[in-house]
Structure formats: C-alpha cells, structure tokens
>>> print(open('data.cif').read())   # mmCIF, C-alpha atoms and all ligand atoms
data_data
#
loop_
_atom_site.label_atom_id
_atom_site.label_comp_id
_atom_site.auth_asym_id
_atom_site.auth_seq_id
_atom_site.Cartn_x
_atom_site.Cartn_y
_atom_site.Cartn_z
CA MET E 1450 -16.11 64.32 -44.23
CA SER E 1451 -16.53 65.21 -40.58
CA ASP E 1452 -13.81 66.40 -38.21
CA ASP E 1453 -13.69 62.92 -36.67
CA GLY E 1454 -12.62 61.28 -39.95
CA PRO E 1455 -14.42 59.49 -42.76
CA VAL E 1456 -17.94 58.31 -42.03
CA THR E 1457 -18.90 54.88 -43.31
CA THR E 1458 -22.57 54.18 -43.86
CA THR E 1459 -24.00 50.81 -44.80
CA VAL E 1460 -26.71 51.08 -47.41
CA ARG E 1461 -29.14 48.19 -47.30
CA ALA E 1462 -29.55 46.69 -50.75
CA LYS E 1463 -32.91 47.17 -52.41
CA PRO E 1464 -34.68 44.10 -53.77
CA ASP E 1465 -33.93 43.67 -57.44
CA ALA E 1466 -37.21 43.01 -59.23
CA VAL E 1467 -35.66 40.73 -61.86
CA ALA E 1468 -33.65 38.69 -59.34
CA MET E 1469 -36.59 38.39 -56.94
CA ALA E 1470 -38.88 37.23 -59.77
CA ALA E 1471 -36.46 34.65 -61.15
CA VAL E 1472 -38.18 31.75 -59.38
CA GLU E 1473 -38.42 29.52 -62.43
CA THR E 1474 -34.83 30.20 -63.45
CA ALA E 1475 -33.75 29.20 -59.95
CA ARG E 1476 -35.94 26.09 -60.00
CA ALA E 1477 -34.61 25.05 -63.41
CA ALA E 1478 -31.04 25.38 -62.14
CA LEU E 1479 -31.95 23.35 -59.10
CA LEU E 1480 -33.52 20.58 -61.17
CA ASP E 1481 -30.33 20.33 -63.22
CA ASP E 1482 -28.64 19.04 -60.09
CA VAL E 1483 -31.42 17.50 -58.02
CA ASP E 1484 -34.13 14.92 -58.63
CA ALA E 1485 -37.50 16.64 -59.11
CA ALA E 1486 -39.02 14.39 -56.43
CA ASP E 1487 -36.72 16.05 -53.87
CA VAL E 1488 -37.82 19.61 -54.64
CA GLY E 1489 -40.90 21.12 -53.00
CA GLU E 1490 -42.61 24.47 -53.08
CA HIS E 1491 -40.92 27.82 -53.37
CA LEU E 1492 -40.56 29.19 -49.82
CA GLY E 1493 -39.54 32.73 -50.68
CA ALA E 1494 -36.55 34.82 -51.58
CA VAL E 1495 -34.11 36.92 -49.59
CA VAL E 1496 -32.05 39.88 -50.72
CA GLU E 1497 -28.34 39.09 -50.37
CA GLY E 1498 -26.97 42.30 -51.86
CA GLU E 1499 -27.31 44.63 -54.78
CA ARG E 1500 -28.94 42.70 -57.65
CA LEU E 1501 -28.33 39.52 -55.69
CA ALA E 1502 -31.09 37.27 -54.30
CA THR E 1503 -31.44 33.75 -52.91
CA HIS E 1504 -34.52 31.63 -53.64
CA LEU E 1505 -35.45 28.95 -51.15
CA PHE E 1506 -37.27 25.72 -52.03
CA ALA E 1507 -38.52 23.05 -49.66
CA CYS E 1508 -36.47 19.86 -49.60
CA THR E 1509 -38.71 16.78 -49.76
CA ARG E 1510 -35.91 14.21 -49.68
CA ARG E 1511 -36.42 11.59 -46.97
CA GLY E 1512 -34.41 12.30 -43.85
CA TYR E 1513 -34.05 16.01 -44.61
CA ALA E 1514 -37.08 17.45 -42.85
CA GLY E 1515 -36.65 21.19 -42.37
CA TRP E 1516 -33.84 21.51 -44.93
CA ARG E 1517 -34.08 23.89 -47.89
CA TRP E 1518 -32.61 24.12 -51.33
CA SER E 1519 -30.98 27.50 -51.70
CA VAL E 1520 -30.41 28.96 -55.18
CA THR E 1521 -28.62 32.27 -55.40
CA VAL E 1522 -29.04 34.37 -58.55
CA ALA E 1523 -27.43 37.64 -59.59
CA ARG E 1524 -28.19 40.19 -62.29
CA ALA E 1525 -25.27 41.99 -63.83
CA SER E 1526 -25.51 45.70 -64.29
CA ARG E 1527 -27.63 46.74 -67.30
CA GLN E 1528 -28.69 43.10 -67.95
CA LYS E 1529 -32.30 41.92 -68.11
CA THR E 1530 -31.69 38.32 -67.04
CA VAL E 1531 -30.05 36.65 -64.09
CA THR E 1532 -27.28 34.12 -63.82
CA VAL E 1533 -27.17 31.36 -61.20
CA CYS E 1534 -24.36 31.67 -58.67
CA GLU E 1535 -24.79 28.56 -56.53
CA VAL E 1536 -27.16 25.78 -55.54
CA VAL E 1537 -26.81 24.41 -52.02
CA LEU E 1538 -28.80 22.56 -49.39
CA ILE E 1539 -29.03 24.44 -46.10
CA PRO E 1540 -30.71 23.61 -42.78
CA GLY E 1541 -33.76 25.62 -41.71
CA ASP E 1542 -34.77 26.32 -38.13
CA GLU E 1543 -36.56 22.96 -37.84
CA ALA E 1544 -33.83 20.91 -39.52
CA ILE E 1545 -32.19 18.02 -37.76
CA VAL E 1546 -28.49 18.74 -37.84
CA ALA E 1547 -25.45 17.12 -36.34
CA PRO E 1548 -24.40 18.47 -32.95
CA GLU E 1549 -21.73 21.11 -32.99
CA TRP E 1550 -18.31 19.63 -33.64
CA VAL E 1551 -16.28 19.11 -30.50
CA PRO E 1552 -12.57 18.43 -31.04
CA TYR E 1553 -11.45 14.94 -30.10
CA ARG E 1554 -9.23 16.26 -27.32
CA GLU E 1555 -12.18 17.96 -25.61
CA ARG E 1556 -14.42 14.92 -25.92
CA ILE E 1557 -12.14 12.59 -23.97
CA GLN E 1558 -13.55 11.64 -20.61
CA PRO E 1559 -11.92 9.82 -17.73
CA GLY E 1560 -12.24 6.12 -18.44
CA ASP E 1561 -12.06 6.47 -22.25
CA LEU E 1562 -8.47 5.34 -22.52
CA SER E 1563 -7.97 1.68 -23.38
CA PRO E 1564 -4.76 -0.30 -22.95
CA GLY E 1565 -2.28 0.85 -25.59
CA ASP E 1566 -4.02 4.20 -26.27
CA LEU E 1567 -1.79 7.28 -26.22
CA LEU E 1568 -2.98 10.71 -25.10
CA PRO E 1569 -0.23 13.28 -25.64
CA VAL E 1570 -0.35 16.50 -23.64
CA ALA E 1571 0.09 19.73 -25.61
CA ASP E 1572 3.37 21.58 -25.11
CA ASP E 1573 1.47 24.65 -23.92
CA ASP E 1574 -0.94 22.79 -21.64
CA PRO E 1575 -1.52 25.31 -18.83
CA ARG E 1576 -1.75 22.50 -16.27
CA LEU E 1577 1.99 21.84 -16.59
CA VAL E 1578 5.10 23.94 -16.22
CA PRO E 1579 8.78 23.09 -16.61
CA THR E 1580 9.98 21.60 -13.36
CA TYR E 1581 13.13 23.76 -13.24
CA SER E 1582 10.97 26.91 -13.22
CA PHE E 1583 8.44 25.89 -10.63
CA GLY E 1584 8.76 22.52 -8.96
CA ASP E 1585 6.59 21.13 -6.22
CA ASP E 1586 9.02 20.13 -3.55
CA PRO E 1587 8.63 21.51 -0.04
CA LEU E 1588 12.05 23.18 0.10
CA ASP E 1589 12.29 26.88 0.73
CA ALA E 1590 12.93 29.27 -2.13
CA ASP E 1591 16.73 29.36 -1.90
CA GLU E 1592 17.09 25.64 -1.55
CA LYS E 1593 14.65 25.11 -4.41
CA ALA E 1594 16.64 27.32 -6.70
CA GLN E 1595 19.88 25.52 -5.93
CA VAL E 1596 18.37 22.06 -6.22
CA ARG E 1597 16.67 22.89 -9.49
CA THR E 1598 19.76 24.41 -10.98
CA VAL E 1599 21.80 21.34 -10.20
CA ALA E 1600 19.04 18.95 -11.28
CA SER E 1601 18.57 20.85 -14.50
CA GLU E 1602 22.26 20.83 -15.30
CA LEU E 1603 22.44 17.11 -14.65
CA GLY E 1604 19.26 16.42 -16.60
CA LEU E 1605 17.59 14.87 -13.59
CA GLY E 1606 14.00 14.95 -12.44
CA ARG E 1607 10.75 15.29 -14.29
CA VAL E 1608 10.64 17.54 -17.32
CA ARG E 1609 7.34 19.10 -16.30
CA THR E 1610 5.26 19.28 -13.15
CA LEU E 1611 1.84 20.58 -12.26
CA SER E 1612 1.34 24.30 -12.56
CA LEU E 1613 -0.70 26.14 -9.96
CA GLU E 1614 -3.61 26.06 -12.39
CA GLY E 1615 -3.24 22.34 -12.96
CA ARG E 1616 -3.10 21.73 -9.23
CA ASP E 1617 -6.18 23.84 -8.53
CA LEU E 1618 -8.11 22.10 -11.30
CA ALA E 1619 -7.24 18.67 -9.91
CA ALA E 1620 -8.09 19.67 -6.34
CA GLN E 1621 -11.46 21.10 -7.36
CA ARG E 1622 -12.25 18.04 -9.49
CA TRP E 1623 -11.45 15.67 -6.64
CA TYR E 1624 -13.33 17.77 -4.14
CA ASP E 1625 -16.43 17.90 -6.35
CA GLY E 1626 -16.22 14.20 -7.21
CA ASP E 1627 -16.99 10.91 -5.50
CA GLY E 1628 -14.13 11.41 -3.04
CA GLY E 1629 -15.39 14.80 -1.83
CA PRO E 1630 -17.74 15.83 0.96
CA GLU E 1631 -20.85 16.11 -1.23
CA SER E 1632 -20.95 12.52 -2.47
CA PRO E 1633 -23.96 10.56 -1.15
CA ILE E 1634 -21.78 8.13 0.79
CA ALA E 1635 -20.00 11.01 2.53
CA GLN E 1636 -23.27 12.72 3.34
CA ALA E 1637 -24.46 9.62 5.16
CA ALA E 1638 -21.13 8.82 6.82
CA PRO E 1639 -20.91 8.79 10.62
CA ASP E 1640 -17.49 10.48 10.58
CA SER E 1641 -14.97 11.97 8.18
CA CYS E 1642 -11.76 10.63 6.69
CA ARG E 1643 -9.79 13.16 8.75
CA SER E 1644 -10.18 10.96 11.82
CA CYS E 1645 -10.09 7.60 10.04
CA GLY E 1646 -7.19 5.25 10.66
CA PHE E 1647 -7.31 4.07 7.06
CA LEU E 1648 -6.42 7.48 5.65
CA VAL E 1649 -2.89 7.55 4.22
CA ARG E 1650 -1.36 11.00 4.24
CA ILE E 1651 0.22 12.38 1.08
CA ALA E 1652 3.13 14.80 0.72
CA GLY E 1653 3.16 18.11 -1.10
CA SER E 1654 0.87 21.09 -1.34
CA MET E 1655 -2.36 19.05 -1.17
CA ALA E 1656 -1.32 17.30 2.03
CA ASP E 1657 -3.59 19.38 4.23
CA SER E 1658 -6.74 18.63 2.21
CA PHE E 1659 -6.45 15.17 0.66
CA GLY E 1660 -5.23 11.69 1.44
CA VAL E 1661 -5.64 8.19 0.05
CA CYS E 1662 -8.09 5.67 1.43
CA ALA E 1663 -6.42 2.37 2.31
CA ASN E 1664 -9.41 0.41 3.55
CA GLY E 1665 -9.87 -2.64 1.33
CA ASP E 1666 -13.49 -2.90 2.41
CA ALA E 1667 -14.33 0.70 1.47
CA ASN E 1668 -15.59 1.89 -1.91
CA ASP E 1669 -12.77 4.41 -2.08
CA ASP E 1670 -9.92 2.03 -1.42
CA GLY E 1671 -6.87 3.29 -3.32
CA ARG E 1672 -8.51 6.60 -4.25
CA VAL E 1673 -7.86 10.18 -3.28
CA VAL E 1674 -10.36 11.41 -0.70
CA SER E 1675 -10.76 14.82 0.86
CA PHE E 1676 -10.42 15.10 4.60
CA ASP E 1677 -14.12 15.92 4.90
CA HIS E 1678 -15.15 12.93 2.81
CA GLY E 1679 -16.22 9.86 4.77
CA CYS E 1680 -17.94 6.52 4.61
CA GLY E 1681 -19.49 3.86 6.78
CA ALA E 1682 -16.25 1.87 6.85
CA HIS E 1683 -14.54 4.51 9.03
CA SER E 1684 -12.05 2.85 11.36
CA GLU E 1685 -13.86 3.97 14.51
CA VAL E 1686 -17.37 2.99 13.47
CA ARG E 1687 -19.17 0.91 16.09
CA LEU E 1688 -22.60 -0.63 15.74
CA ALA E 1689 -25.28 0.46 18.17
CA ARG E 1690 -26.24 -2.32 20.57
CA LYS E 1691 -29.62 -2.73 18.89
CA HIS E 1692 -27.88 -3.36 15.55
CA GLU E 1693 -25.51 -6.00 16.87
CA PRO E 1694 -26.39 -9.63 16.10
CA PRO E 1695 -28.09 -11.37 19.07
CA PRO E 1696 -25.69 -13.49 21.18
CA LEU E 1697 -25.73 -17.22 20.49
CA PRO E 1698 -27.42 -19.41 23.13
CA GLU E 1699 -25.31 -21.58 25.41
CA PRO E 1700 -24.68 -25.07 23.95
CA VAL E 1701 -27.05 -27.71 25.35
CA HIS E 1702 -26.06 -31.34 25.92
CA ASP E 1703 -28.99 -33.64 25.17
CA THR E 1704 -29.07 -36.25 27.98
CA LEU E 1705 -32.46 -37.82 27.07
CA THR E 1706 -31.90 -39.20 23.58
CA ASP E 1707 -28.98 -40.82 21.82
CA ASP E 1708 -27.07 -38.65 19.42
CA GLU E 1709 -26.25 -40.19 16.09
CA PHE E 1710 -22.59 -40.30 15.18
CA VAL E 1711 -21.45 -41.06 11.70
CA SER E 1712 -18.00 -42.45 11.21
CA PHE E 1713 -16.09 -41.94 8.03
S1 LIG Y 1 -12.52 4.03 5.08
FE1 LIG Y 1 -14.02 5.61 4.61
S2 LIG Y 1 -13.69 7.16 6.21
FE2 LIG Y 1 -11.85 5.86 6.19
S3 LIG Y 1 -10.42 6.86 4.78
FE3 LIG Y 1 -11.56 5.38 3.57
S4 LIG Y 1 -13.26 6.57 2.74
FE4 LIG Y 1 -12.43 7.77 4.43
#
>>> encode(input="data.cif", output="structure tokens")
Amino acid sequence: MSDDGPVTTTVRAKPDAVAMAAVETARAALLDDVDAADVGEHLGAVVEGERLATHLFACTRRGYAGWRWSVTVARASRQKTVTVCEVVLIPGDEAIVAPEWVPYRERIQPGDLSPGDLLPVADDDPRLVPTYSFGDDPLDADEKAQVRTVASELGLGRVRTLSLEGRDLAAQRWYDGDGGPESPIAQAAPDSCRSCGFLVRIAGSMADSFGVCANGDANDDGRVVSFDHGCGAHSEVRLARKHEPPPLPEPVHDTLTDDEFVSF
C-alpha cells in the first residue's frame, strides 16, 4: 500500500481457451431458441471477463441486416466445459436501429396541439416562477412587494408568471423566427416595423423590442414582430411612379355612330 492509500489496478482478463473454443456449444444453444435459417456464420468471440466469452453469429433474418446473435458462455473454476449464460440479438455497426428515444415532452413542436389536447407544464419548469415571488408588472420594487403581498393574501392574480429565463427564451425564439429581422420578408422590406403605423405596442419588459402587427393585409397580422422586422405592407410604403398603373384615358363620346342601348 502506498502513502496515498490503496492502489486499485484493473487486470485485463485473459482469453479462456475453453470458452473461446466453445463455438459449437454456443451455436447449439442459439439453435434451441432460433430457427436455423436465421443463423449465419460465426463472426468471432470477445472476452467479457475471466473465463467468460461472447460468441457472435451473423443474423440472416430478413430485415435484420447488420444484427448479430450474441451467445455468452462461462466456464466455472476447475471445470472443463462451459455453460451458456444468455442468448440475445444485438445491433452491429451496420445495423438499422430505431432513432434514439426522445421523450414525448421534448418531441412536441409548435402546431402539434389539436383542439382538446392538454399539455401540462411541469411544476419545476424553469420558464415559470410563482407570481408572488417575481411578477412582471412595471411597479417599482416597494410597490411590487406590497401589491404582491396583498394579492397573494387575497388569492388574486396568476399563480405563475414567466421567469427571466422563460422571457429570454421567448424573446430569442421570436427574434430568430418569422417575426424577426432575419426572415426573408424582413430582409426585402423597404422599412421596419418600428416606423409602421400598423404596429401595436405591448406593455411589459418586452415593450422596447416587440409589438404586434395589426395590418390585415400583412402576413404577420396578429403576430408578435420585432421592431427591426418589416414587410412590404408597411404603412408608409409608396409605389415608385414607374410601378404605378398607367392613368386611364379620358372618356370619349362617339358622335359618328349610334350606340346600342338595351332596355331591361
Ligand atoms: S405591416 Fe409589416 S411593417 Fe407594418 S407592423 Fe406589420 S409586419 Fe411590420
């Protein structure tokens, strides 16, 4: 033992000759469980531990390209034969396997909810905090504290509101999305929402960055847009003279031929 405490060394197991040679024992165990037509050639054996080895056989079952039958055998101390521990089917490097499992909650995308669907928010969702402890009203700190205390005692107000993290996530998502400055329609816009008469201001901490578009002719009508978003339906857009429709000619009264009038 050294002065620094006990030293642990990992000894790599040596191949056990009997276990490594037990190919036919492994194959026989495999054929007890699996149709012979599904078993291919022996692909090799790997040392799993002391007197413990796994034999791999190709799987020839349709739809299982790249999969392998795995038969693990062990030899007890001072024994001359092996016993079979397990027979399983495992994917090789080339196997087609299902994508990694993603929990249902993480798979949900905006637009997935149908009428009647419920999507509960976890109690510890970091996007929300109890309203009495944070709040989002524009009052100063003292006023906030008083208002929240009273509201809490009376059981008024929302139970939870956006946390700083939840607010930042939403702002970034909106800014990076179709209502932000990088969307194709904003890139080609003649001017930004900041100067558009159709922009409805919002209250709260996002008031200096976002508003809601209220132009029924615009793609973003009813949606949150950043001040530096924009579109071709901006309230001050004017067509260049060359793009305006040509003026209609003056009406001409035909004095040479008779007009036909139809009476109903
Ligand atoms: S009409 Fe266009 S420029 Fe005006 S607020 Fe809506 S998106 Fe912005």
>>> closest_residue(input="data.cif", among="E:Leu1568, E:Ala1652, E:Val1673, E:Ala1667", to="Ala1619 (chain E)", atoms="all atoms listed in the file")
E:Val1673
>>> residues_near_ligand(input="data.cif", ligand="ligand LIG 1 (chain Y)", cutoff="12 Å", atoms="all atoms listed in the file", output="MDAnalysis selection string")
chainID E and resid 1627:1630 1632 1634:1650 1659:1686
>>> atom_distance(input="data.cif", atom1="CA of Thr1610 (chain E)", atom2="CA of Glu1631 (chain E)")
28.9 Å
>>> residues_around(input="data.cif", residues="Val1533 (chain E)", least_positions_apart="3", cutoff="9 Å", atoms="all atoms listed in the file", output="PyMOL selection string")
chain E and resi 1474-1475+1478+1520-1524+1536
>>> residues_around(input="data.cif", residues="region 1546-1555 of chain E", least_positions_apart="5", cutoff="10 Å", atoms="only C-alpha atoms", output="ChimeraX atom specification")
/E:1513,1515-1516,1540-1541,1568-1570
>>> residues_around(input="data.cif", residues="Leu1538 (chain E)", least_positions_apart="6", cutoff="10 Å", atoms="all atoms listed in the file", output="PDB file with C-alpha atoms, keeping the file's coordinate frame")
ATOM      1  CA  LEU E1505     -35.450  28.950 -51.150  1.00  0.00           C
ATOM      2  CA  PHE E1506     -37.270  25.720 -52.030  1.00  0.00           C
ATOM      3  CA  ALA E1507     -38.520  23.050 -49.660  1.00  0.00           C
ATOM      4  CA  CYS E1508     -36.470  19.860 -49.600  1.00  0.00           C
ATOM      5  CA  TYR E1513     -34.050  16.010 -44.610  1.00  0.00           C
ATOM      6  CA  TRP E1516     -33.840  21.510 -44.930  1.00  0.00           C
ATOM      7  CA  ARG E1517     -34.080  23.890 -47.890  1.00  0.00           C
ATOM      8  CA  TRP E1518     -32.610  24.120 -51.330  1.00  0.00           C
ATOM      9  CA  SER E1519     -30.980  27.500 -51.700  1.00  0.00           C
ATOM     10  CA  VAL E1520     -30.410  28.960 -55.180  1.00  0.00           C
TER      11      VAL E1520
END
>>> closest_residue(input="data.cif", among="E:Arg1687, E:His1692, E:Arg1511, E:Lys1529", to="Asp1465 (chain E)", atoms="all atoms listed in the file")
E:Lys1529
>>> atom_distance(input="data.cif", atom1="CA of Leu1618 (chain E)", atom2="CA of Ile1557 (chain E)")
16.3 Å
